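What follows is the content of structure_34.cif, which has mmCIF, C-alpha atoms:
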data_protein
loop_
_atom_site.label_atom_id
_atom_site.label_comp_id
_atom_site.auth_asym_id
_atom_site.auth_seq_id
_atom_site.Cartn_x
_atom_site.Cartn_y
_atom_site.Cartn_z
CA MET A 283 71.05 99.43 102.58
CA ALA A 284 73.71 101.79 101.29
CA TYR A 285 76.25 102.85 103.89
CA ASN A 286 77.70 106.34 104.05
CA ILE A 287 81.31 106.56 105.15
CA LEU A 288 83.51 109.45 106.25
CA VAL A 289 87.26 109.05 105.66
CA VAL A 290 89.45 111.43 107.69
CA ASP A 291 93.18 111.60 106.98
CA ASP A 292 95.55 114.46 106.22
CA SER A 293 97.14 112.38 103.46
CA MET A 294 95.22 112.60 100.18
CA SER A 295 96.87 109.40 98.96
CA MET A 296 95.80 107.54 102.09
CA ARG A 297 92.22 108.80 101.67
CA ALA A 298 92.28 107.62 98.07
CA ILE A 299 93.51 104.16 99.06
CA ILE A 300 90.98 103.77 101.87
CA LYS A 301 88.19 104.80 99.48
CA LYS A 302 89.43 102.26 96.95
CA VAL A 303 89.53 99.51 99.57
CA ILE A 304 85.98 100.37 100.68
CA ALA A 305 84.78 100.30 97.07
CA MET A 306 86.37 96.85 96.65
CA SER A 307 84.95 95.54 99.92
CA GLY A 308 81.64 94.43 98.46
CA PHE A 309 79.55 96.65 100.71
CA ASP A 310 76.67 98.62 99.29
CA VAL A 311 78.33 101.99 99.71
CA GLY A 312 76.32 105.16 99.36
CA GLU A 313 78.46 108.26 99.70
CA ILE A 314 82.10 108.35 100.77
CA VAL A 315 83.02 111.80 102.05
CA GLU A 316 86.60 112.91 102.74
CA ALA A 317 88.07 115.27 105.31
CA GLY A 318 91.68 116.31 105.86
CA ASN A 319 91.50 116.71 109.65
CA GLY A 320 89.13 116.61 112.60
CA LEU A 321 87.80 120.12 112.12
CA GLU A 322 86.93 119.46 108.49
CA ALA A 323 85.30 116.20 109.53
CA LEU A 324 83.06 117.94 112.08
CA ALA A 325 82.05 120.49 109.46
CA LYS A 326 81.10 117.69 107.04
CA LEU A 327 79.15 115.91 109.78
CA GLU A 328 76.90 118.95 110.23
CA ASP A 329 74.89 117.83 107.23
CA PHE A 330 76.10 114.28 106.61
CA TRP A 331 75.34 111.14 108.58
CA ALA A 332 78.19 108.63 108.46
CA ASP A 333 77.43 104.99 109.18
CA VAL A 334 81.14 104.66 109.89
CA VAL A 335 83.92 107.21 110.40
CA LEU A 336 87.42 105.97 109.52
CA SER A 337 89.92 108.40 111.02
CA ASP A 338 93.66 108.83 111.29
CA ILE A 339 94.98 110.02 114.66
CA HIS A 340 97.92 112.31 113.85
CA MET A 341 96.54 115.23 111.85
CA PRO A 342 96.99 119.01 111.91
CA GLU A 343 94.30 121.41 113.20
CA MET A 344 92.39 118.70 115.08
CA ASP A 345 93.65 115.16 115.58
CA GLY A 346 91.65 111.95 115.50
CA ILE A 347 91.43 111.59 119.26
CA GLU A 348 89.90 115.04 119.62
CA LEU A 349 87.50 114.25 116.78
CA LEU A 350 86.50 111.04 118.55
CA LYS A 351 85.84 112.99 121.77
CA LYS A 352 83.70 115.54 119.94
CA ILE A 353 81.63 112.88 118.20
CA LYS A 354 81.10 110.82 121.34
CA SER A 355 80.14 113.86 123.41
CA ASP A 356 77.51 115.02 120.93
CA PRO A 357 74.16 113.33 121.64
CA LEU A 358 73.25 113.48 117.97
CA MET A 359 76.42 111.70 116.84
CA ALA A 360 77.38 109.59 119.84
CA SER A 361 76.12 106.38 118.25
CA MET A 362 78.25 106.91 115.13
CA PRO A 363 80.98 104.21 114.98
CA VAL A 364 84.48 105.70 114.75
CA VAL A 365 87.40 103.50 113.69
CA MET A 366 90.94 104.73 114.15
CA ILE A 367 93.32 103.96 111.25
CA THR A 368 96.76 104.94 112.43
CA THR A 369 100.41 104.09 112.82
CA GLU A 370 99.89 104.14 116.59
CA SER A 371 99.84 100.77 118.30
CA ARG A 372 101.15 101.87 121.69
CA ASP A 373 98.85 100.44 124.30
CA GLU A 374 98.23 103.74 126.05
CA VAL A 375 97.04 105.40 122.85
CA VAL A 376 94.99 102.48 121.51
CA SER A 377 93.41 101.65 124.89
CA GLY A 378 92.67 105.32 125.38
CA ALA A 379 90.87 105.56 122.05
CA LEU A 380 88.85 102.41 122.71
CA ALA A 381 87.96 103.63 126.20
CA MET A 382 86.72 106.88 124.66
CA GLY A 383 84.34 104.90 122.49
CA ALA A 384 86.25 104.05 119.31
CA ALA A 385 84.57 101.12 117.57
CA GLY A 386 87.85 99.64 116.41
CA TYR A 387 91.40 100.19 115.43
CA ILE A 388 93.44 99.40 112.30
CA LYS A 389 97.19 99.78 112.28
CA LYS A 390 99.06 101.26 109.33
CA PRO A 391 100.44 99.65 107.28
CA PHE A 392 97.23 97.72 106.73
CA ARG A 393 96.01 95.17 104.25
CA PRO A 394 92.70 95.67 102.42
CA GLU A 395 91.21 92.71 104.29
CA ASP A 396 91.88 94.47 107.62
CA ILE A 397 89.49 97.27 106.69
CA LYS A 398 86.97 94.89 105.18
CA ALA A 399 86.95 92.70 108.30
CA LEU A 400 86.26 95.67 110.54
CA LEU A 401 83.49 96.95 108.26
CA VAL A 402 81.88 93.50 108.38
CA GLU A 403 82.11 93.58 112.17
CA ILE A 404 80.60 97.04 112.46
CA LEU A 405 78.10 97.07 109.61
CA GLY A 406 77.32 93.36 109.70
CA GLY A 407 77.37 93.05 105.93
CA GLU A 408 78.41 89.41 105.67
CA GLU A 409 76.12 88.69 102.73
CA ASP A 410 77.49 91.58 100.67
CA ALA A 411 81.05 90.97 101.73
CA THR A 412 81.21 87.72 99.76
CA VAL A 413 81.41 89.88 96.65
CA GLY A 414 84.44 91.55 98.11
CA GLU A 415 86.02 88.20 98.89
CA ASP A 416 85.76 87.20 95.26
CA GLN A 417 87.29 90.48 94.23
CA SER A 418 90.02 90.31 96.81
CA GLU A 419 91.24 87.05 95.25
CA SER A 420 92.38 89.02 92.27
CA ASP A 421 92.87 92.41 93.86
CA ASP A 422 94.45 91.65 97.19
CA CYS A 423 97.88 92.73 96.06
CA ASP A 424 96.63 95.85 94.39
CA PHE A 425 95.49 98.71 96.58
CA MET B 224 120.28 101.37 125.18
CA LEU B 225 119.89 104.84 123.73
CA LEU B 226 116.78 105.48 121.67
CA LEU B 227 119.01 106.48 118.80
CA GLU B 228 120.48 102.99 118.76
CA LYS B 229 117.05 101.38 119.03
CA ILE B 230 115.76 103.43 116.13
CA SER B 231 118.81 102.60 114.01
CA GLN B 232 118.54 98.90 114.79
CA ASN B 233 114.87 98.71 113.89
CA LEU B 234 114.79 101.07 110.91
CA THR B 235 115.45 98.52 108.17
CA THR B 236 112.85 96.07 109.49
CA VAL B 237 110.23 98.81 109.78
CA ILE B 238 110.94 100.26 106.34
CA SER B 239 110.64 96.81 104.79
CA GLU B 240 107.35 96.15 106.58
CA VAL B 241 105.83 99.47 105.55
CA LEU B 242 106.98 99.41 101.93
CA GLU B 243 106.18 95.76 101.35
CA THR B 244 102.80 95.68 103.10
CA MET B 245 101.36 98.96 101.95
CA PHE B 246 103.22 99.78 98.76
CA PHE B 247 104.39 96.36 97.46
CA VAL B 248 107.88 97.79 97.07
CA PHE B 249 110.98 95.77 97.88
CA LEU B 250 114.10 97.81 98.56
CA GLU B 251 117.41 96.30 99.59
CA PRO B 252 119.73 97.95 102.11
CA ARG B 253 122.87 99.22 100.39
CA SER B 254 126.23 100.25 101.71
CA GLY B 255 128.79 102.71 100.41
CA SER B 256 128.74 106.42 99.82
CA LEU B 257 125.56 108.37 99.22
CA PRO B 258 124.70 108.68 95.51
CA VAL B 259 125.42 111.88 93.63
CA SER B 260 122.10 113.01 92.27
CA GLU B 261 120.04 116.17 92.20
CA ASP B 262 116.63 114.63 91.80
CA PHE B 263 115.68 113.76 95.36
CA ILE B 264 112.32 114.61 96.86
CA GLY B 265 112.40 115.04 100.62
CA ALA B 266 110.16 114.73 103.64
CA GLN B 267 110.82 114.68 107.35
CA VAL B 268 109.18 113.66 110.61
CA VAL B 269 110.12 114.76 114.11
CA ILE B 270 109.89 112.50 117.13
CA LYS B 271 109.89 114.52 120.35
CA GLY B 272 110.84 113.48 123.85
CA SER B 273 110.82 115.58 127.01
CA ASP B 274 114.23 117.17 126.45
CA PHE B 275 115.33 115.78 123.11
CA ALA B 276 114.09 115.28 119.58
CA TYR B 277 114.89 113.06 116.65
CA GLU B 278 114.36 114.00 113.07
CA LEU B 279 113.92 111.34 110.44
CA ARG B 280 114.68 112.67 106.96
CA PHE B 281 113.57 110.77 103.88
CA LEU B 282 115.04 111.45 100.45
CA ALA B 283 113.66 109.47 97.51
CA GLN B 284 114.90 109.68 93.96
CA SER B 285 112.06 111.06 91.89
CA ARG B 286 111.91 108.10 89.48
CA LEU B 287 111.56 105.62 92.34
CA LEU B 288 109.01 107.78 94.15
CA GLN B 289 106.98 108.31 90.98
CA GLN B 290 106.84 104.56 90.52
CA ILE B 291 105.78 103.97 94.13
CA ALA B 292 103.14 106.73 93.98
CA ALA B 293 101.80 105.56 90.63
CA ASP B 294 101.51 101.95 91.76
CA PHE B 295 99.94 102.98 95.05
CA LEU B 296 97.37 105.28 93.48
CA GLY B 297 96.74 103.21 90.38
CA LEU B 298 98.20 105.73 87.94
CA ASP B 299 100.63 105.61 85.04
CA GLN B 300 104.11 106.44 86.27
CA GLU B 301 104.33 109.60 84.17
CA THR B 302 101.04 110.93 85.51
CA ALA B 303 101.95 110.85 89.21
CA SER B 304 102.25 114.54 90.07
CA LEU B 305 104.87 116.09 92.34
CA ALA B 306 102.16 116.74 94.95
CA GLN B 307 101.10 113.09 94.86
CA CYS B 308 104.72 111.95 95.13
CA GLN B 309 105.32 114.27 98.08
CA ASP B 310 102.14 113.11 99.78
CA VAL B 311 103.14 109.46 99.38
CA LEU B 312 106.63 110.16 100.75
CA LYS B 313 105.13 111.96 103.75
CA GLU B 314 102.89 108.97 104.39
CA ILE B 315 105.84 106.60 104.13
CA GLY B 316 107.64 108.80 106.66
CA ASN B 317 104.59 108.86 108.90
CA MET B 318 104.23 105.08 108.89
CA VAL B 319 107.94 104.43 109.36
CA ALA B 320 108.26 106.92 112.23
CA GLY B 321 105.02 105.73 113.81
CA ASN B 322 106.02 102.10 113.74
CA LEU B 323 109.49 102.92 115.06
CA VAL B 324 107.92 104.74 117.97
CA ASN B 325 105.65 101.76 118.65
CA ILE B 326 108.70 99.50 118.93
CA CYS B 327 111.12 101.87 120.65
CA ASP B 328 108.70 103.62 122.98
CA PRO B 329 105.96 101.25 124.14
CA GLU B 330 105.34 103.47 127.18
CA ALA B 331 104.23 106.30 124.87
CA ARG B 332 106.63 108.93 126.23
CA LEU B 333 107.50 110.17 122.76
CA GLU B 334 105.35 112.38 120.62
CA LEU B 335 105.16 111.79 116.90
CA GLY B 336 105.12 114.91 114.75
CA ILE B 337 103.23 115.47 111.54
CA PRO B 338 105.38 114.79 108.45
CA THR B 339 106.35 117.74 106.29
CA VAL B 340 107.80 118.10 102.80
CA SER B 341 111.37 119.37 102.74
CA GLY B 342 111.59 120.05 99.03
CA ASP B 343 112.44 118.65 95.62
CA TYR B 344 115.54 118.72 93.43
CA LEU B 345 117.46 117.99 96.63
CA THR B 346 120.84 116.29 96.87
CA ALA B 347 122.17 113.75 99.33
CA ALA B 348 123.98 116.64 101.01
CA THR B 349 120.66 117.31 102.71
CA LEU B 350 121.69 114.52 105.07
CA ASP B 351 125.20 115.85 105.77
CA ASP B 352 124.42 116.77 109.37
CA CYS B 353 122.66 113.50 110.15
CA VAL B 354 124.33 111.22 112.68
CA GLU B 355 123.10 108.08 110.93
CA LYS B 356 122.43 107.53 107.23
CA PHE B 357 120.84 104.56 105.53
CA ILE B 358 120.53 103.66 101.85
CA TYR B 359 117.80 101.43 100.39
CA GLY B 360 117.57 100.76 96.69
CA SER B 361 116.04 99.02 93.73
CA ASP B 362 116.54 99.27 89.97
CA GLU B 363 114.27 102.35 90.00
CA GLY B 364 116.44 104.34 92.38
CA VAL B 365 117.28 104.82 96.03
CA LEU B 366 115.59 105.93 99.22
CA LEU B 367 117.89 107.61 101.72
CA VAL B 368 117.02 107.93 105.37
CA GLY B 369 118.91 110.22 107.73
CA LEU B 370 118.57 110.35 111.46
CA ASN B 371 119.40 113.49 113.39
CA SER B 372 119.10 114.21 117.06
CA SER B 373 119.11 117.20 119.36
CA GLY B 374 119.04 117.49 123.12
CA THR B 375 119.90 114.81 125.65
CA ASP B 376 118.70 111.31 125.01
CA GLY B 377 119.25 109.70 128.37
CA LYS B 378 116.99 106.70 127.84
#
How does the structure come out when it is put into structure tokens?
Amino acid sequence: MAYNILVVDDSMSMRAIIKKVIAMSGFDVGEIVEAGNGLEALAKLEDFWADVVLSDIHMPEMDGIELLKKIKSDPLMASMPVVMITTESRDEVVSGALAMGAAGYIKKPFRPEDIKALLVEILGGEEDATVGEDQSESDDCDF
Amino acid sequence: MLLLEKISQNLTTVISEVLETMFFVFLEPRSGSLPVSEDFIGAQVVIKGSDFAYELRFLAQSRLLQQIAADFLGLDQETASLAQCQDVLKEIGNMVAGNLVNICDPEARLELGIPTVSGDYLTAATLDDCVEKFIYGSDEGVLLVGLNSSGTDGK
């Protein structure tokens, strides 16, 4: 099964790195769609189903917490896993996001294996992820 | 302890963690006067409290930033564009400020702003009004960080 992933971050370089990490993870990835903030993400989700949404929190226009609320309050999207990738690790913010239904949380700066581990947890792709493990031996120091 | 002191005390540790973990860059703290150069690219992040604000200003020499951006994005150094360099510097600022806030404000009273670009072809004089200045360097160039404050930090 090919997984579709939505990457939401106002930094184009961060989106590029996250996409690269996903590509190296060994998962059978279908389409990876990018958005620069929560509003853009919601617009993309009107005609795109994401098996996972990876979202920053601090973004202009609409932040990641608001995006999470919108997704979880929409019956059509409520089951969509949303992972927060952010500099925030303050308990109030992280606990708040998890209480609102976030499927996980990755702190920046992250290592490629952090994202891969969470994708394995959410998508359950252990068998495919072995490919990524082989790759990470040679690529783990190269985003 | 004032937040300003906490931020200053933790800045070097946080910068090292961010640059080494995410960008595989190792910069050493340096002392002395700020370098005379006109090729700095700048970004800034504001950290807001109830009646005060801190501004973290980042100035990176273009050669160093081009190298960081190129390595990060998998490009040749010469092909890293100004926009890509600025975006990478903003993200460095975002991660440094965010991790400082995590350490200095576990109760989440402070609000982290969105990083903005302050320009290119800047000089170190951009930091003249900063109350604290820090220099980090490698053979490729230096990264300057200035810390400015406004309002009353009574923490």
Can you list what the PyMOL selection byres ((chain B) within 10 of (chain A)) grabs from this structure, as an MDAnalysis selection string? chainID B and resid 240:247 292 294:297 306:315 317:326 328:332 335:338
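A search radius of 10 Å centred on (123.2, 103.1, 107.9), applied to only C-alpha atoms, returns the residues B:Ser231, B:Gln232, B:Leu234, B:Thr235, B:Pro252, B:Arg253, B:Ser254, B:Gly255, B:Val354, B:Glu355, B:Lys356, B:Phe357, B:Ile358, B:Tyr359, B:Leu367, B:Val368, B:Gly369, B:Leu370.
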Given only C-alpha atoms, how would the per-residue table for stretch 333-407 of chain A near stretch 312-321 of chain A read, listing every residue at most 8 Å away with its closest atom pair and distance in Å to one decimal, sorted by chain and number, as a tab-separated table?
residue	atom	partner	partner_atom	distance
A:Met341	CA	A:Asn319	CA	5.7
A:Pro342	CA	A:Asn319	CA	6.4
A:Glu343	CA	A:Asn319	CA	6.5
A:Met344	CA	A:Gly320	CA	4.6
A:Asp345	CA	A:Gly320	CA	5.6
A:Gly346	CA	A:Gly320	CA	6.0
A:Glu348	CA	A:Gly320	CA	7.2
A:Leu349	CA	A:Gly320	CA	5.1
request  = Translate the PyMOL selection byres ((chain B and resi 277) around 9), as applied to the file shown, into an explicit residue set as a VMD selection string.
outcome  = chain B and resid 227 268 to 272 275 to 276 278 to 279 370 to 374
- [ ] Enter the distance from atom CA of B:Val248 to atom CA of B:Asp262, in Å, rounded to one decimal.
- [x]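 Computing the Euclidean distance for atom CA of B:Val248 and atom CA of B:Asp262 yields 19.7 Å.
Selection by the PyMOL selection byres ((chain B and resi 346) around 8) on the present file picks out Val259, Ser260, Glu261, Asp262, Phe263, Tyr344, Leu345, Ala347, Ala348 and Thr349 of chain B.
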Which polymer residues have any atom within 8 Å of an atom of A:Leu350, counting all atoms listed in the file, with same-chain residues fewer than 6 positions away left out, as a VMD selection string? chain A and resid 364 379 382 to 384
Computed gap from atom CA of A:Asp396 to atom CA of A:Val303 is 9.8 Å
Taken to one decimal, the atom CA of A:Met359-atom CA of A:Leu324 distance is 10.3 Å
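You can rank B:Leu226, B:Ile238, B:Glu251, B:Ile264 by their closest distance to B:Val340 using only C-alpha atoms, and at the top of that list sits B:Ile264.
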Around all the atoms of stretch 370-386 of chain A listed in the file, with 6 Å of room on each side, what axis-aligned box do you get, giving centre and edge lengths in Å to one decimal, as JSON?
{"center_x": 92.7, "center_y": 103.3, "center_z": 121.3, "size_x": 28.8, "size_y": 19.2, "size_z": 21.8}
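If you measure from each of A:Leu288, A:Met283, A:Met306, A:Ala381 to A:Glu395 using all atoms listed in the file, the closest one turns out to be A:Met306.
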